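*Asks:* Before I ask anything, here is the structure I am working with.
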Amino acid sequence: MDLVTGYGSSDDEDQQQQQPQVKSSSLTINAAPSTGFDEHSSGVLYTAPTATELTVNVPYDDMNRPVLGPNNPFSERRLATQNVINGHVENQAISEMDFRTQHRTFETYGYARDPSLGGSNLAGQTGQGLMGTGYVGNLAVAAELGGASIFDTVKRDFRPNKDAKKKRDKKGNLDEVEGPNAYKGPWAGYEDDKVGVPTGLSGEQQEEVQTILQPSKAVNKFSTKNIAKETGTETTTFHGAAEFDYLGRTYMAAPQDIDVNLMGEPGTQECFIPKKLLHTWSGHAKGVSSIRFFPKTAHLLLSGGMDNKVKIWDVYHDRSLLRTMEGHTKAVRDIAFNNDGTKFLSASYDRNVKLWDTETGKCIRTFSTGRVPYCCTFNPDEDKQNVFLAGYSDKKIVQFDINSGEITQEYDQHLGAVNTITFVDDNRRFITTSDDKTMRAWEYDIPVVIKYIAEPDMYAIPAVTLSPNHKWLACQSLDNQILIYGARDRFRLNRKKRFAGHLVAGYACKPGFSPDGRFISSGDSNGNVWFWDWKTCKILKKLKAHEKVVTNTEWHPHETSKVATCSWDGLIKYWD
């Protein structure tokens, strides 16, 4: 503004000469901020602070002039060309190998060459690095070594490992086996290498650490926990005429007024293919997913349905419904008895496994890991009847103790949901199948796979049945065939045994064996039941049993030709 007031016309000068000058004592106030134009000079080339290219040759003095104009009070950038929070970063074309070489050189010798300068040595480089040498770090060492990198040969005195050579131990005396002069030969070590010397904490120190970490280990031993909560909403209904007979016995007692020896050894009599329908049990409102005969005597039939209920049926006498257990909120997937039949498990899609009392129908305990259980089974050993295994949708097999309700082991190797668990080899091992199209064999209570079975042409196996002689596994493959694997040490595929002809793709149809092992049966997706001869693998009979997919075929262990089948049509049929 002061510059503007300096301008005027010639008329104003004449008037000023004629008028007398009057001095004023008032102060002139200029509210405009200083812009820095007072010190400007004509002919100076000004450049923008953020300019990265110059179209004309600008003198060095002009490039270093202060920035004109007021500072921006709202800007936090300290540098005009700042592009990161603490300064300016420029892009450089540096090869990865050159950068690694200089990095290792700096770690070894204490200096490094600027990789952006090219391949010149110390003598001819200027303008970069410390004092224009082109190097950073210890310049004295760089000058003494001539700028050598980690890959260049230097004098021995300058090597960092010049004193690192170790003296070899003596090979020892060939005649001595033990002692300080024992023969070591080419296996002799070096001095102070401490090979064979125990390291780490002492015994007392390890005990102290164990006592400190013991509580946390007890809590975090497994990644899954039993998070089930006892709701108390389980109910049971008895449908028979009386729970006790005149001798005070319940339906758990085997009937004595029939012509079949229910206490005999299964498989002693010759079996035949069933031909006609004996009885139809209809009590489930929806499909039936699984059925099991009562262990040993098989005078009761247990069924789990998609109507969230578990039912017990009478196989002899009037073949009526005896008891219904309710407590699951979703469909029941699998059921399993213990050895004596006093308890059974039910796995449901409501993410719970419930333990029931067979005689009273009461729910003893609930187990849950927060995932869907696809299968469950008790350990068949008599001394391990308090342990059961469950396969879950999160690829894990979890081992529970029914007495404490805690998880005692966790098997985590599968890559898909676990479909079946089958104990083999005198119950020392068990076989699991999964949606990852593999079979895995485990030692009981050891979470390490001892046998891994996977072939490129394998399909998922949703159902497995152990043969009566415990030598073979009948595996229902989703490519519409039943494969036979050995149940002994090698678990090899028996390529001479293959049962096909039925259509089961997409369904978990559990195969069944006759008690004498002569026949093998399976349902299919069209409601048929197929029977094959075990020796010849030929189809013996195709029976139209249901209107929908047949999920299970169970042979009666003490009858010659009686088979129970269940289907998604909600019916359970008994054939002879």
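Starting from 1 in every chain, residues are counted up; chains themselves are A, B, ... following the order of the structure tokens, and ligands are numbered from 1 as listed.
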Could you please write out, as a PyMOL selection string, every residue of range 167-306 of chain A that DSSP assigns to helix (DSSP H, G or I)?
*Replies:* chain A and resi 185-187+203-219
*Asks:* Please produce a file of the residues just selected, as a short mmCIF file (atom, residue, chain, number, x, y, z; two decimals), in the first residue's frame, where the atoms kept are all heavy atoms.
*Replies:*
```
data_model
loop_
_atom_site.label_atom_id
_atom_site.label_comp_id
_atom_site.auth_asym_id
_atom_site.auth_seq_id
_atom_site.Cartn_x
_atom_site.Cartn_y
_atom_site.Cartn_z
N GLY A 185 36.44 -90.60 15.41
CA GLY A 185 36.62 -90.65 13.98
C GLY A 185 36.16 -89.37 13.29
O GLY A 185 36.38 -88.26 13.77
N PRO A 186 35.47 -89.51 12.16
CA PRO A 186 35.00 -88.31 11.45
C PRO A 186 33.90 -87.56 12.18
O PRO A 186 33.51 -86.48 11.76
CB PRO A 186 34.50 -88.87 10.11
CG PRO A 186 34.16 -90.29 10.41
CD PRO A 186 35.14 -90.75 11.44
N TRP A 187 33.40 -88.14 13.25
CA TRP A 187 32.34 -87.47 14.01
C TRP A 187 32.89 -86.61 15.14
O TRP A 187 32.12 -86.10 15.96
CB TRP A 187 31.39 -88.51 14.60
CG TRP A 187 30.73 -89.33 13.54
CD1 TRP A 187 29.65 -89.02 12.79
CD2 TRP A 187 31.15 -90.63 13.09
NE1 TRP A 187 29.35 -90.02 11.90
CE2 TRP A 187 30.27 -91.03 12.05
CE3 TRP A 187 32.20 -91.49 13.44
CZ2 TRP A 187 30.39 -92.25 11.39
CZ3 TRP A 187 32.31 -92.70 12.79
CH2 TRP A 187 31.43 -93.07 11.78
N GLY A 203 16.88 -78.95 36.68
CA GLY A 203 15.69 -79.65 37.13
C GLY A 203 14.86 -78.84 38.11
O GLY A 203 13.63 -78.80 38.03
N GLU A 204 15.50 -78.18 39.05
CA GLU A 204 14.77 -77.36 40.01
C GLU A 204 14.09 -76.18 39.33
O GLU A 204 12.96 -75.83 39.66
CB GLU A 204 15.73 -76.88 41.10
CG GLU A 204 16.34 -78.00 41.92
CD GLU A 204 17.29 -77.47 42.98
OE1 GLU A 204 17.50 -76.24 42.99
OE2 GLU A 204 17.81 -78.28 43.78
N GLN A 205 14.83 -75.56 38.39
CA GLN A 205 14.22 -74.43 37.69
C GLN A 205 13.02 -74.87 36.85
O GLN A 205 12.01 -74.15 36.77
CB GLN A 205 15.27 -73.77 36.79
CG GLN A 205 16.37 -73.06 37.56
CD GLN A 205 17.46 -72.53 36.66
OE1 GLN A 205 17.64 -73.03 35.54
NE2 GLN A 205 18.20 -71.54 37.13
N GLN A 206 13.10 -76.04 36.23
CA GLN A 206 11.96 -76.53 35.46
C GLN A 206 10.76 -76.80 36.36
O GLN A 206 9.61 -76.53 35.98
CB GLN A 206 12.35 -77.81 34.72
CG GLN A 206 13.34 -77.58 33.57
CD GLN A 206 13.70 -78.87 32.86
OE1 GLN A 206 13.23 -79.94 33.24
NE2 GLN A 206 14.53 -78.76 31.84
N GLU A 207 10.99 -77.33 37.55
CA GLU A 207 9.89 -77.57 38.47
C GLU A 207 9.23 -76.26 38.90
O GLU A 207 8.00 -76.17 39.01
CB GLU A 207 10.40 -78.32 39.70
CG GLU A 207 10.84 -79.76 39.39
CD GLU A 207 11.34 -80.46 40.62
OE1 GLU A 207 11.34 -79.81 41.71
OE2 GLU A 207 11.73 -81.64 40.53
N GLU A 208 10.04 -75.23 39.12
CA GLU A 208 9.47 -73.93 39.48
C GLU A 208 8.62 -73.37 38.35
O GLU A 208 7.53 -72.84 38.59
CB GLU A 208 10.61 -72.96 39.82
CG GLU A 208 11.37 -73.32 41.08
CD GLU A 208 12.49 -72.35 41.35
OE1 GLU A 208 12.62 -71.38 40.56
OE2 GLU A 208 13.23 -72.52 42.35
N VAL A 209 9.11 -73.49 37.12
CA VAL A 209 8.33 -72.99 35.99
C VAL A 209 7.04 -73.78 35.84
O VAL A 209 5.97 -73.23 35.54
CB VAL A 209 9.18 -73.07 34.70
CG1 VAL A 209 8.34 -72.72 33.47
CG2 VAL A 209 10.37 -72.13 34.80
N GLN A 210 7.11 -75.10 36.05
CA GLN A 210 5.90 -75.92 35.93
C GLN A 210 4.86 -75.53 36.97
O GLN A 210 3.66 -75.48 36.67
CB GLN A 210 6.26 -77.41 36.07
CG GLN A 210 7.04 -77.97 34.89
CD GLN A 210 6.23 -78.00 33.62
OE1 GLN A 210 5.00 -78.05 33.65
NE2 GLN A 210 6.91 -77.94 32.49
N THR A 211 5.31 -75.26 38.19
CA THR A 211 4.35 -74.87 39.23
C THR A 211 3.69 -73.53 38.92
O THR A 211 2.53 -73.31 39.24
CB THR A 211 5.06 -74.79 40.59
OG1 THR A 211 6.19 -73.91 40.47
CG2 THR A 211 5.53 -76.17 41.01
N ILE A 212 4.46 -72.63 38.28
CA ILE A 212 3.89 -71.33 37.93
C ILE A 212 2.90 -71.45 36.77
O ILE A 212 1.83 -70.84 36.77
CB ILE A 212 5.02 -70.34 37.58
CG1 ILE A 212 5.91 -70.09 38.81
CG2 ILE A 212 4.45 -69.03 37.06
CD1 ILE A 212 7.13 -69.24 38.52
N LEU A 213 3.26 -72.27 35.78
CA LEU A 213 2.42 -72.36 34.58
C LEU A 213 1.34 -73.42 34.68
O LEU A 213 0.52 -73.55 33.78
CB LEU A 213 3.30 -72.68 33.36
CG LEU A 213 4.36 -71.64 33.01
CD1 LEU A 213 5.14 -72.10 31.79
CD2 LEU A 213 3.75 -70.28 32.76
N GLN A 214 1.31 -74.20 35.75
CA GLN A 214 0.35 -75.30 35.83
C GLN A 214 -1.10 -74.84 35.78
O GLN A 214 -1.90 -75.43 35.06
CB GLN A 214 0.60 -76.11 37.12
CG GLN A 214 -0.12 -77.45 37.15
CD GLN A 214 0.43 -78.39 36.11
OE1 GLN A 214 1.60 -78.31 35.75
NE2 GLN A 214 -0.41 -79.29 35.62
N PRO A 215 -1.50 -73.79 36.49
CA PRO A 215 -2.91 -73.38 36.40
C PRO A 215 -3.31 -72.96 35.00
O PRO A 215 -4.37 -73.32 34.51
CB PRO A 215 -2.99 -72.20 37.39
CG PRO A 215 -1.84 -72.39 38.31
CD PRO A 215 -0.76 -73.01 37.49
N SER A 216 -2.46 -72.18 34.31
CA SER A 216 -2.80 -71.74 32.97
C SER A 216 -2.85 -72.90 32.00
O SER A 216 -3.65 -72.92 31.08
CB SER A 216 -1.79 -70.69 32.49
OG SER A 216 -0.49 -71.24 32.45
N LYS A 217 -1.97 -73.90 32.19
CA LYS A 217 -2.00 -75.05 31.30
C LYS A 217 -3.29 -75.83 31.47
O LYS A 217 -3.85 -76.35 30.53
CB LYS A 217 -0.80 -75.96 31.57
CG LYS A 217 0.49 -75.47 30.91
CD LYS A 217 1.55 -76.55 30.99
CE LYS A 217 2.78 -76.14 30.20
NZ LYS A 217 3.82 -77.18 30.23
N ALA A 218 -3.75 -75.94 32.70
CA ALA A 218 -4.98 -76.69 32.93
C ALA A 218 -6.16 -76.03 32.25
O ALA A 218 -7.08 -76.68 31.79
CB ALA A 218 -5.24 -76.82 34.44
N VAL A 219 -6.13 -74.72 32.16
CA VAL A 219 -7.25 -74.01 31.55
C VAL A 219 -7.14 -74.01 30.04
O VAL A 219 -8.11 -74.23 29.33
CB VAL A 219 -7.30 -72.56 32.09
CG1 VAL A 219 -8.38 -71.76 31.39
CG2 VAL A 219 -7.54 -72.58 33.59
#
```
*Asks:* Measuring between only C-alpha atoms, which one of A:Asn379, A:Asn308, A:Ser149, A:Gln476 shows the shortest distance to Lys437 in chain A?
*Replies:* A:Gln476
*Asks:* As an exercise, work out the distance from CA of Thr329 in chain A to CA of Asn352 in chain A in Å and give it to one decimal place.
*Replies:* 9.4 Å
*Asks:* Residues at most 7 Å from range 254-260 of chain A, counting only C-alpha atoms, excluding those fewer than 2 positions away in the same chain, as a PDB file with all heavy atoms, in the first residue's frame?
*Replies:*
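After the write, result-v2.pdb holds the following:
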```
ATOM      1  N   MET A 252     -36.241-102.767  29.898  1.00  0.00           N
ATOM      2  CA  MET A 252     -34.828-103.071  29.708  1.00  0.00           C
ATOM      3  C   MET A 252     -34.558-104.577  29.782  1.00  0.00           C
ATOM      4  O   MET A 252     -33.576-105.065  29.209  1.00  0.00           O
ATOM      5  CB  MET A 252     -33.987-102.357  30.757  1.00  0.00           C
ATOM      6  CG  MET A 252     -34.069-100.851  30.699  1.00  0.00           C
ATOM      7  SD  MET A 252     -33.146-100.182  29.325  1.00  0.00           S
ATOM      8  CE  MET A 252     -31.475-100.479  29.871  1.00  0.00           C
ATOM      9  N   LEU A 262     -31.964-114.570  22.704  1.00  0.00           N
ATOM     10  CA  LEU A 262     -31.432-113.220  22.604  1.00  0.00           C
ATOM     11  C   LEU A 262     -30.102-113.054  23.324  1.00  0.00           C
ATOM     12  O   LEU A 262     -29.436-112.030  23.145  1.00  0.00           O
ATOM     13  CB  LEU A 262     -32.442-112.212  23.167  1.00  0.00           C
ATOM     14  CG  LEU A 262     -33.783-112.125  22.436  1.00  0.00           C
ATOM     15  CD1 LEU A 262     -34.667-111.078  23.088  1.00  0.00           C
ATOM     16  CD2 LEU A 262     -33.586-111.820  20.965  1.00  0.00           C
ATOM     17  N   THR A 297     -28.949-107.946  23.184  1.00  0.00           N
ATOM     18  CA  THR A 297     -30.232-108.636  23.039  1.00  0.00           C
ATOM     19  C   THR A 297     -31.044-108.133  21.853  1.00  0.00           C
ATOM     20  O   THR A 297     -31.818-108.902  21.270  1.00  0.00           O
ATOM     21  CB  THR A 297     -31.066-108.463  24.320  1.00  0.00           C
ATOM     22  OG1 THR A 297     -31.268-107.059  24.563  1.00  0.00           O
ATOM     23  CG2 THR A 297     -30.332-109.071  25.511  1.00  0.00           C
ATOM     24  N   HIS A 299     -33.704-106.396  21.678  1.00  0.00           N
ATOM     25  CA  HIS A 299     -35.159-106.454  21.821  1.00  0.00           C
ATOM     26  C   HIS A 299     -35.784-105.065  21.804  1.00  0.00           C
ATOM     27  O   HIS A 299     -37.022-104.947  21.856  1.00  0.00           O
ATOM     28  CB  HIS A 299     -35.526-107.156  23.129  1.00  0.00           C
ATOM     29  CG  HIS A 299     -35.132-106.387  24.365  1.00  0.00           C
ATOM     30  ND1 HIS A 299     -33.830-106.288  24.810  1.00  0.00           N
ATOM     31  CD2 HIS A 299     -35.882-105.667  25.248  1.00  0.00           C
ATOM     32  CE1 HIS A 299     -33.778-105.562  25.907  1.00  0.00           C
ATOM     33  NE2 HIS A 299     -35.012-105.163  26.195  1.00  0.00           N
TER      34      HIS A 299
END
```
*Asks:* Out of range 80-303 of chain A, which residues get strand (DSSP E or B) from DSSP, as a PyMOL selection string?
*Replies:* chain A and resi 84+87+111-113+135-137+168+173+182+190+235-238+277-282+288-293+300-303
*Asks:* Residues at most 6 Å from range 313-324 of chain A, counting only C-alpha atoms, excluding those fewer than 5 positions away in the same chain, as a PyMOL selection string?
*Replies:* chain A and resi 236-240+299-301
*Asks:* Save the residues we just selected, N, CA and C atoms, as a PDB file, in the first residue's frame?
*Replies:*
```
ATOM      1  N   THR A 236     -39.502 -86.489  28.951  1.00  0.00           N
ATOM      2  CA  THR A 236     -39.656 -87.859  28.475  1.00  0.00           C
ATOM      3  C   THR A 236     -41.102 -88.303  28.698  1.00  0.00           C
ATOM      4  N   THR A 237     -41.587 -89.128  27.803  1.00  0.00           N
ATOM      5  CA  THR A 237     -42.966 -89.606  27.872  1.00  0.00           C
ATOM      6  C   THR A 237     -42.971 -91.111  27.676  1.00  0.00           C
ATOM      7  N   PHE A 238     -43.596 -91.824  28.591  1.00  0.00           N
ATOM      8  CA  PHE A 238     -43.737 -93.274  28.473  1.00  0.00           C
ATOM      9  C   PHE A 238     -45.085 -93.590  27.834  1.00  0.00           C
ATOM     10  N   HIS A 239     -45.060 -94.394  26.766  1.00  0.00           N
ATOM     11  CA  HIS A 239     -46.279 -94.669  26.011  1.00  0.00           C
ATOM     12  C   HIS A 239     -46.844 -96.057  26.260  1.00  0.00           C
ATOM     13  N   GLY A 240     -46.150 -96.896  27.059  1.00  0.00           N
ATOM     14  CA  GLY A 240     -46.633 -98.246  27.285  1.00  0.00           C
ATOM     15  C   GLY A 240     -47.755 -98.305  28.301  1.00  0.00           C
ATOM     16  N   HIS A 299     -33.704-106.396  21.678  1.00  0.00           N
ATOM     17  CA  HIS A 299     -35.159-106.454  21.821  1.00  0.00           C
ATOM     18  C   HIS A 299     -35.784-105.065  21.804  1.00  0.00           C
ATOM     19  N   LEU A 300     -34.962-104.024  21.741  1.00  0.00           N
ATOM     20  CA  LEU A 300     -35.443-102.653  21.616  1.00  0.00           C
ATOM     21  C   LEU A 300     -34.772-102.007  20.405  1.00  0.00           C
ATOM     22  N   LEU A 301     -35.443-100.993  19.868  1.00  0.00           N
ATOM     23  CA  LEU A 301     -34.916-100.246  18.733  1.00  0.00           C
ATOM     24  C   LEU A 301     -34.945 -98.767  19.068  1.00  0.00           C
TER      25      LEU A 301
END
```
*Asks:* In Å to one decimal, how far is CA of Met263 in chain A from CA of Asp245 in chain A?
*Replies:*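 CA of Met263 in chain A lies 20.6 Å from CA of Asp245 in chain A.
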*Asks:* Taking only C-alpha atoms into account, which of A:Ile312, A:Met325, A:Leu540, A:Leu201 comes nearest Ile291 in chain A?
*Replies:*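 Looking only at the distances to Ile291 in chain A, the closest residue turns out to be A:Ile312.
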*Asks:* Please determine, counting only C-alpha atoms, which residue among A:Gly179, A:Pro462, A:Pro511, A:Gly570 has the shortest atom-to-atom distance to Thr438 in chain A.
*Replies:*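 Using only C-alpha atoms, the shortest distance to Thr438 in chain A belongs to A:Pro462.
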*Asks:* Report, in Å with one decimal, the straight-line distance from CA of Thr50 in chain A to CA of Ile85 in chain A.
*Replies:* 16.2 Å
*Asks:* Could you name the residues that touch range 173-175 of chain A at 9 Å or less, counting only C-alpha atoms, but leaving out those on the same chain fewer than 3 positions away, as a ChimeraX atom specification?
*Replies:* /A:170,181-185
*Asks:* Excluding range 563-566 of chain A and residues on its chain fewer than 5 positions from it, collect all residues at most 8 Å away from it, counting only C-alpha atoms, and give them as an NGL selection string.
*Replies:* :A and (274 or 288-291 or 545 or 550-556 or 571-576)
*Asks:* Any chance you could tabulate, as a tab-separated table, the residues of range 464-542 of chain A at most 12 Å from range 441-458 of chain A with each one's nearest atom pair and distance in Å to one decimal, using only C-alpha atoms, in chain and rising number order?
*Replies:*
```
residue	atom	partner	partner_atom	distance
A:Cys475	CA	A:Met458	CA	11.4
A:Gln476	CA	A:Met458	CA	11.4
A:Ser477	CA	A:Met458	CA	8.1
A:Leu478	CA	A:Met458	CA	9.0
A:Asp479	CA	A:Met458	CA	8.5
A:Asn480	CA	A:Met458	CA	11.7
A:Gln481	CA	A:Met458	CA	11.2
A:Ile482	CA	A:Met458	CA	11.9
A:Leu483	CA	A:Met458	CA	10.3
A:Tyr485	CA	A:Ile453	CA	10.3
A:Gly486	CA	A:Ala441	CA	11.6
A:Ala487	CA	A:Ala441	CA	9.9
A:Arg488	CA	A:Ala441	CA	10.5
A:Asp489	CA	A:Lys451	CA	9.2
A:Arg490	CA	A:Lys451	CA	8.0
A:Phe491	CA	A:Lys451	CA	7.9
A:Arg492	CA	A:Ile453	CA	8.6
A:Leu493	CA	A:Ile453	CA	9.4
```
*Asks:* Emit the selected residues as a JSON list (two decimals), in the first residue's frame, including C-alpha atoms.
*Replies:*
```
[["chain", "number", "residue", "atom", "x", "y", "z"],
["A", 475, "CYS", "CA", -17.24, -97.38, 3.47],
["A", 476, "GLN", "CA", -20.10, -95.75, 1.59],
["A", 477, "SER", "CA", -18.43, -93.57, -1.03],
["A", 478, "LEU", "CA", -20.29, -90.71, -2.69],
["A", 479, "ASP", "CA", -19.39, -92.01, -6.16],
["A", 480, "ASN", "CA", -22.16, -94.64, -5.78],
["A", 481, "GLN", "CA", -20.13, -97.58, -4.51],
["A", 482, "ILE", "CA", -19.17, -99.27, -1.26],
["A", 483, "LEU", "CA", -15.42, -99.62, -0.74],
["A", 485, "TYR", "CA", -10.80, -101.28, 3.68],
["A", 486, "GLY", "CA", -8.87, -103.51, 6.02],
["A", 487, "ALA", "CA", -9.45, -102.84, 9.71],
["A", 488, "ARG", "CA", -6.08, -104.15, 10.86],
["A", 489, "ASP", "CA", -2.65, -102.53, 10.84],
["A", 490, "ARG", "CA", -2.30, -101.47, 7.20],
["A", 491, "PHE", "CA", -5.86, -100.21, 6.50],
["A", 492, "ARG", "CA", -5.43, -101.00, 2.80],
["A", 493, "LEU", "CA", -8.14, -100.84, 0.17]]
```
*Asks:* Find, counting only C-alpha atoms, the residue in A:Thr536, A:Thr52, A:Thr47, A:Ser467 that gets nearest to Phe499 in chain A.
*Replies:*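 With only C-alpha atoms as the atom set, the closest residue is A:Thr536.
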*Asks:* Hey, which of A:Asp435, A:Ile29, A:Arg440, A:Thr408 ends up closest to Ile421 in chain A? Count only C-alpha atoms.
*Replies:* A:Arg440
